[in-house]
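Following: one structure in structure tokens, then a few remarks.
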Amino acid sequence: MSKNFDDYLRDQLSMEKDELPASVKNKIDETLSKLPENVEEADKNAKVINENNEAGKNGEQDKIVDIELAKDKRKKGSVWKKYGQMAAGVAVVFLFIFPNVSESYARTMEKLPIIGSIVKVVTIRNYFYQDDNHELNVNVPQLEADKESELNKINLDTEELTKKLVDGFYAEMEALGKNSHGSLYVDYEVVTDTENWFTLKLLVNEVKGSSDTYYKYYNVDKKTGNIVKLSDLVTNDEFYDIVEKDIKRQMAERMEKDENEFYWIEEDSLGAKFEGISADHNYYFDKDGNLVIPFDKYEVSPGYMGTPEFTVERALIEEYIFANMNI
């Protein structure tokens, strides 16, 4: 780490609008001052820095940065072991303390090579309300990456969707009065995060008279930075017929094994029937690269069946999807 980079970080710190705790500033300065100018100096003077400080919580902070770090492979007897221990101390400061007390530092980190192709998920807003008959708890995610991508489209979509849901919750409560009952929960989950692929799952549960649960999946090709819809994977429309037949086969097998399971393979008395998936249907890939097709509550089965999912083996659809889709 060079002197110029140290100076750059100090300059960034001085421009912060939100004052960092003195203990954090002092620890940063102490750590930077102990960094060696070169490897030779590290070999002679390397010291182990144990970071036992815990940054105090900022009451105004509403962002949580979740950053995955790879574990160092220790090389005994080498200078890099000593230097790596010192670097780990610096990493604690730059990768954990800074992002959680400073938005601008979190954004500055995106430009550093250590981030690589990691996609970060940040909770940028939480809507919360509770009384005797109502409860609202909505977490709004934001995706950030180190290169140009279409992630901002996902951010806009999740913001618009969550705001619409929250506005609807309050509008219904005002219309029906506080003696009515209702709840709204929205959260998110990272389903897939590999070197090439990222999938975010948005979970929505609404209760107003009856309960409704549905999901929205966002798939991102890390190599291109593009959002990938189901139709973007497909080279031949025969893909949809093959997936439909395989899902119906699985539905029939599940009902045969368990009499409590029921799916609308055939049209029921109310006209409900599973008729395949569309080009923009939700999907994700599991850890083995197989295609998973999830369904919302009431979409292919009665409400008591919840939100069923069906896994279509990759080998079954391999020839109908683009070969360069390396999940």
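Lettering and numbering for the structure tokens are positional, with chains as A, B, ... in the shown order, residues counted from 1 in each chain, and ligands counted from 1 in the shown order.
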**Item:** A:Thr192 surroundings by only C-alpha atoms, 9 Å radius, close-in-sequence under 2 positions cut, as a list of chain:residue names
**Value:**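 Contacts, with the query itself left out: A:Val190, A:Thr194, A:Trp197, A:Phe198, A:Thr199, A:Leu200, A:Asn219, A:Tyr284, A:Phe285, A:Asp286, A:Lys287.
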**Asked** Could you pull out the strand (DSSP E) residues of stretch 138-323 of chain A from DSSP and send them as a count of residues only?
**Response** 55
**Request:** Extract, using only C-alpha atoms, all DNA, RNA and protein residues at most 9 Å from A:Tyr214, discarding same-chain residues fewer than 2 positions from it, and format them as a list of chain:residue names.
**Result:**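 Everything that qualifies: A:Leu202, A:Leu203, A:Val204, A:Asn205, A:Glu206, A:Asp212, A:Lys216, A:Phe295, A:Asp296, A:Lys297, A:Thr307.
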What would the file look like if the residues just selected were written as an mmCIF file, in the first residue's frame with N, CA, C and O atoms?
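Listed below is the output, part06.cif:
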```cif
data_model
loop_
_atom_site.group_PDB
_atom_site.id
_atom_site.type_symbol
_atom_site.label_atom_id
_atom_site.label_comp_id
_atom_site.auth_asym_id
_atom_site.auth_seq_id
_atom_site.Cartn_x
_atom_site.Cartn_y
_atom_site.Cartn_z
ATOM 1 N N LEU A 202 -37.135 -11.179 -4.245
ATOM 2 C CA LEU A 202 -37.946 -10.261 -3.443
ATOM 3 C C LEU A 202 -39.170 -11.012 -2.954
ATOM 4 O O LEU A 202 -39.902 -11.608 -3.753
ATOM 5 N N LEU A 203 -39.395 -11.016 -1.627
ATOM 6 C CA LEU A 203 -40.490 -11.770 -1.023
ATOM 7 C C LEU A 203 -41.559 -10.804 -0.546
ATOM 8 O O LEU A 203 -41.269 -9.846 0.182
ATOM 9 N N VAL A 204 -42.811 -11.061 -0.928
ATOM 10 C CA VAL A 204 -43.930 -10.209 -0.538
ATOM 11 C C VAL A 204 -45.028 -11.061 0.081
ATOM 12 O O VAL A 204 -45.442 -12.064 -0.499
ATOM 13 N N ASN A 205 -45.485 -10.648 1.263
ATOM 14 C CA ASN A 205 -46.616 -11.314 1.908
ATOM 15 C C ASN A 205 -47.614 -10.255 2.354
ATOM 16 O O ASN A 205 -47.282 -9.361 3.132
ATOM 17 N N GLU A 206 -48.825 -10.328 1.814
ATOM 18 C CA GLU A 206 -49.900 -9.378 2.158
ATOM 19 C C GLU A 206 -51.047 -10.123 2.818
ATOM 20 O O GLU A 206 -51.447 -11.194 2.354
ATOM 21 N N ASP A 212 -51.856 -13.501 0.832
ATOM 22 C CA ASP A 212 -51.280 -13.685 -0.496
ATOM 23 C C ASP A 212 -49.763 -13.585 -0.397
ATOM 24 O O ASP A 212 -49.235 -12.667 0.254
ATOM 25 N N LYS A 216 -40.580 -12.142 -6.569
ATOM 26 C CA LYS A 216 -40.056 -11.619 -7.830
ATOM 27 C C LYS A 216 -38.563 -11.893 -7.844
ATOM 28 O O LYS A 216 -37.854 -11.563 -6.883
ATOM 29 N N PHE A 295 -43.623 -20.857 -8.316
ATOM 30 C CA PHE A 295 -44.973 -20.356 -8.578
ATOM 31 C C PHE A 295 -45.493 -19.614 -7.353
ATOM 32 O O PHE A 295 -45.205 -19.997 -6.212
ATOM 33 N N ASP A 296 -46.265 -18.570 -7.607
ATOM 34 C CA ASP A 296 -46.868 -17.816 -6.520
ATOM 35 C C ASP A 296 -48.025 -18.601 -5.917
ATOM 36 O O ASP A 296 -48.519 -19.577 -6.501
ATOM 37 N N LYS A 297 -48.450 -18.158 -4.764
ATOM 38 C CA LYS A 297 -49.603 -18.766 -4.103
ATOM 39 C C LYS A 297 -50.829 -18.640 -5.010
ATOM 40 O O LYS A 297 -51.040 -17.586 -5.632
ATOM 41 N N THR A 307 -46.298 -21.808 -2.005
ATOM 42 C CA THR A 307 -45.611 -21.360 -3.219
ATOM 43 C C THR A 307 -44.684 -22.483 -3.716
ATOM 44 O O THR A 307 -43.486 -22.479 -3.427
#
```
**Item:** Among the residues A:Ala252, A:Tyr188, A:Ile327, A:Asp246, the one that comes closest to A:Lys223 [using only C-alpha atoms]
**Value:**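 Between A:Ala252, A:Tyr188, A:Ile327, A:Asp246, the residue approaching A:Lys223 most closely is A:Ile327.
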**Item:** Test item: residues at most 12 Å from A:Asp157, only C-alpha atoms, excluding those fewer than 3 positions along its chain, as a ChimeraX atom specification
**Value:** /A:140-143,150-154,160-164,202,216-218
Kindly save the residues from that selection, with all heavy atoms included, as a short mmCIF file (atom, residue, chain, number, x, y, z; two decimals), in the first residue's frame.
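The result, stored in result_10.cif:
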```cif
data_model
loop_
_atom_site.label_atom_id
_atom_site.label_comp_id
_atom_site.auth_asym_id
_atom_site.auth_seq_id
_atom_site.Cartn_x
_atom_site.Cartn_y
_atom_site.Cartn_z
N VAL A 140 -36.27 -2.39 1.76
CA VAL A 140 -36.04 -2.05 0.36
C VAL A 140 -34.56 -2.26 0.03
O VAL A 140 -33.70 -1.59 0.61
CB VAL A 140 -36.43 -0.59 0.05
CG1 VAL A 140 -36.28 -0.31 -1.44
CG2 VAL A 140 -37.85 -0.31 0.51
N PRO A 141 -34.24 -3.18 -0.88
CA PRO A 141 -32.84 -3.44 -1.20
C PRO A 141 -32.31 -2.53 -2.28
O PRO A 141 -33.07 -1.95 -3.07
CB PRO A 141 -32.88 -4.89 -1.71
CG PRO A 141 -34.21 -4.97 -2.40
CD PRO A 141 -35.14 -4.12 -1.59
N GLN A 142 -31.00 -2.39 -2.31
CA GLN A 142 -30.33 -1.73 -3.43
C GLN A 142 -29.10 -2.55 -3.80
O GLN A 142 -28.34 -2.98 -2.92
CB GLN A 142 -29.90 -0.30 -3.07
CG GLN A 142 -29.27 0.43 -4.26
CD GLN A 142 -28.91 1.86 -3.92
OE1 GLN A 142 -28.17 2.12 -2.97
NE2 GLN A 142 -29.44 2.79 -4.67
N LEU A 143 -28.91 -2.78 -5.09
CA LEU A 143 -27.77 -3.54 -5.57
C LEU A 143 -26.68 -2.60 -6.06
O LEU A 143 -26.96 -1.58 -6.69
CB LEU A 143 -28.18 -4.46 -6.72
CG LEU A 143 -29.30 -5.47 -6.42
CD1 LEU A 143 -29.56 -6.33 -7.65
CD2 LEU A 143 -28.96 -6.33 -5.23
N GLU A 150 -26.89 -3.18 -15.43
CA GLU A 150 -28.30 -2.77 -15.43
C GLU A 150 -28.90 -2.86 -14.03
O GLU A 150 -30.12 -2.89 -13.88
CB GLU A 150 -29.09 -3.64 -16.40
CG GLU A 150 -28.68 -3.46 -17.86
CD GLU A 150 -29.57 -4.24 -18.82
OE1 GLU A 150 -30.16 -5.25 -18.39
OE2 GLU A 150 -29.68 -3.83 -19.99
N LEU A 151 -28.05 -2.92 -13.02
CA LEU A 151 -28.56 -3.07 -11.66
C LEU A 151 -29.48 -1.94 -11.25
O LEU A 151 -30.39 -2.12 -10.45
CB LEU A 151 -27.39 -3.18 -10.68
CG LEU A 151 -26.50 -4.42 -10.78
CD1 LEU A 151 -25.48 -4.43 -9.66
CD2 LEU A 151 -27.32 -5.69 -10.76
N ASN A 152 -29.23 -0.75 -11.80
CA ASN A 152 -30.08 0.39 -11.42
C ASN A 152 -31.54 0.17 -11.82
O ASN A 152 -32.45 0.67 -11.18
CB ASN A 152 -29.55 1.68 -12.05
CG ASN A 152 -30.17 2.91 -11.41
OD1 ASN A 152 -30.21 3.03 -10.19
ND2 ASN A 152 -30.70 3.81 -12.23
N LYS A 153 -31.76 -0.59 -12.91
CA LYS A 153 -33.13 -0.92 -13.31
C LYS A 153 -33.82 -1.75 -12.22
O LYS A 153 -35.01 -1.57 -11.94
CB LYS A 153 -33.13 -1.68 -14.63
CG LYS A 153 -32.69 -0.85 -15.83
CD LYS A 153 -32.76 -1.68 -17.11
CE LYS A 153 -32.31 -0.87 -18.31
NZ LYS A 153 -32.34 -1.68 -19.57
N ILE A 154 -33.06 -2.67 -11.63
CA ILE A 154 -33.61 -3.47 -10.53
C ILE A 154 -33.89 -2.58 -9.33
O ILE A 154 -34.94 -2.70 -8.69
CB ILE A 154 -32.63 -4.59 -10.14
CG1 ILE A 154 -32.40 -5.53 -11.33
CG2 ILE A 154 -33.13 -5.36 -8.92
CD1 ILE A 154 -31.40 -6.63 -11.05
N GLU A 160 -40.04 1.24 -6.71
CA GLU A 160 -41.40 1.54 -7.17
C GLU A 160 -42.40 0.52 -6.62
O GLU A 160 -43.49 0.89 -6.16
CB GLU A 160 -41.45 1.55 -8.70
CG GLU A 160 -40.72 2.73 -9.33
CD GLU A 160 -40.69 2.64 -10.84
OE1 GLU A 160 -41.29 1.69 -11.39
OE2 GLU A 160 -40.08 3.53 -11.47
N LEU A 161 -42.02 -0.75 -6.66
CA LEU A 161 -42.92 -1.79 -6.18
C LEU A 161 -43.19 -1.65 -4.68
O LEU A 161 -44.35 -1.70 -4.25
CB LEU A 161 -42.33 -3.18 -6.48
CG LEU A 161 -43.09 -4.38 -5.91
CD1 LEU A 161 -44.50 -4.43 -6.46
CD2 LEU A 161 -42.35 -5.68 -6.22
N THR A 162 -42.13 -1.48 -3.89
CA THR A 162 -42.31 -1.38 -2.44
C THR A 162 -43.10 -0.12 -2.06
O THR A 162 -43.94 -0.16 -1.16
CB THR A 162 -40.96 -1.40 -1.71
OG1 THR A 162 -40.08 -0.42 -2.30
CG2 THR A 162 -40.31 -2.77 -1.81
N LYS A 163 -42.84 0.98 -2.77
CA LYS A 163 -43.58 2.22 -2.47
C LYS A 163 -45.06 2.05 -2.79
O LYS A 163 -45.94 2.49 -2.03
CB LYS A 163 -43.02 3.40 -3.26
CG LYS A 163 -43.65 4.74 -2.88
CD LYS A 163 -43.03 5.88 -3.64
CE LYS A 163 -43.57 7.23 -3.15
NZ LYS A 163 -45.04 7.30 -3.16
N LYS A 164 -45.35 1.38 -3.90
CA LYS A 164 -46.75 1.13 -4.27
C LYS A 164 -47.44 0.27 -3.22
O LYS A 164 -48.60 0.53 -2.84
CB LYS A 164 -46.79 0.45 -5.64
CG LYS A 164 -48.20 0.17 -6.15
CD LYS A 164 -48.15 -0.48 -7.53
CE LYS A 164 -49.56 -0.78 -8.04
NZ LYS A 164 -49.52 -1.43 -9.38
N LEU A 202 -37.13 -11.18 -4.24
CA LEU A 202 -37.95 -10.26 -3.44
C LEU A 202 -39.17 -11.01 -2.95
O LEU A 202 -39.90 -11.61 -3.75
CB LEU A 202 -38.36 -9.05 -4.29
CG LEU A 202 -38.91 -7.85 -3.53
CD1 LEU A 202 -37.79 -7.17 -2.72
CD2 LEU A 202 -39.54 -6.83 -4.49
N LYS A 216 -40.58 -12.14 -6.57
CA LYS A 216 -40.06 -11.62 -7.83
C LYS A 216 -38.56 -11.89 -7.84
O LYS A 216 -37.85 -11.56 -6.88
CB LYS A 216 -40.34 -10.13 -7.98
CG LYS A 216 -40.01 -9.60 -9.37
CD LYS A 216 -40.67 -8.28 -9.65
CE LYS A 216 -40.45 -7.87 -11.10
NZ LYS A 216 -41.11 -6.57 -11.41
N TYR A 217 -38.10 -12.50 -8.93
CA TYR A 217 -36.69 -12.87 -9.05
C TYR A 217 -36.01 -11.97 -10.08
O TYR A 217 -36.54 -11.74 -11.17
CB TYR A 217 -36.54 -14.32 -9.48
CG TYR A 217 -36.93 -15.32 -8.42
CD1 TYR A 217 -38.27 -15.62 -8.18
CD2 TYR A 217 -35.97 -15.98 -7.65
CE1 TYR A 217 -38.64 -16.54 -7.21
CE2 TYR A 217 -36.33 -16.89 -6.67
CZ TYR A 217 -37.66 -17.17 -6.47
OH TYR A 217 -38.03 -18.08 -5.51
N TYR A 218 -34.82 -11.51 -9.72
CA TYR A 218 -34.00 -10.71 -10.63
C TYR A 218 -32.70 -11.46 -10.87
O TYR A 218 -31.93 -11.71 -9.94
CB TYR A 218 -33.69 -9.35 -10.02
CG TYR A 218 -34.91 -8.52 -9.68
CD1 TYR A 218 -35.47 -8.58 -8.41
CD2 TYR A 218 -35.49 -7.67 -10.62
CE1 TYR A 218 -36.58 -7.81 -8.07
CE2 TYR A 218 -36.61 -6.91 -10.30
CZ TYR A 218 -37.14 -6.97 -9.03
OH TYR A 218 -38.24 -6.22 -8.70
#
```
**Among listed residues A:Met255, A:Leu291, A:Val300, A:Val207, nearest A:Gly276 (using only C-alpha atoms)** =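 Looking only at the distances to A:Gly276, the closest residue turns out to be A:Val300.
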**Separation of atom CA of A:Met173 from atom CA of A:Glu135 in Å** = 10.6 Å
**Request:** Just the alpha helix (DSSP H) stuff from stretch 184-243 of chain A, please, per backbone DSSP, written as a PyMOL selection string.
**Result:** chain A and resi 230-233+238-243
**Request:** Could you check how far atom CA of A:Gly177 sits from atom CA of A:Val138, in Å to one decimal?
**Result:**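 Spanning atom CA of A:Gly177 to atom CA of A:Val138 is a straight-line distance of 21.1 Å.
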**Prompt:** Expressed in Å to a single decimal, how great is the separation between atom CA of A:Ala272 and atom CA of A:Pro308?
**Reply:**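 Going from atom CA of A:Ala272 over to atom CA of A:Pro308, I get 16.0 Å.
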**Item:** Selected residue of minimal separation from A:Phe310 among A:Glu267, A:Glu275, A:Glu244, A:Glu238, counting only C-alpha atoms
**Value:** A:Glu244
**Asked** Of the residues A:Lys273, A:Ile247, A:Phe322, A:Asn236, which is the one nearest to A:Ile293, using only C-alpha atoms?
**Response** A:Ile247
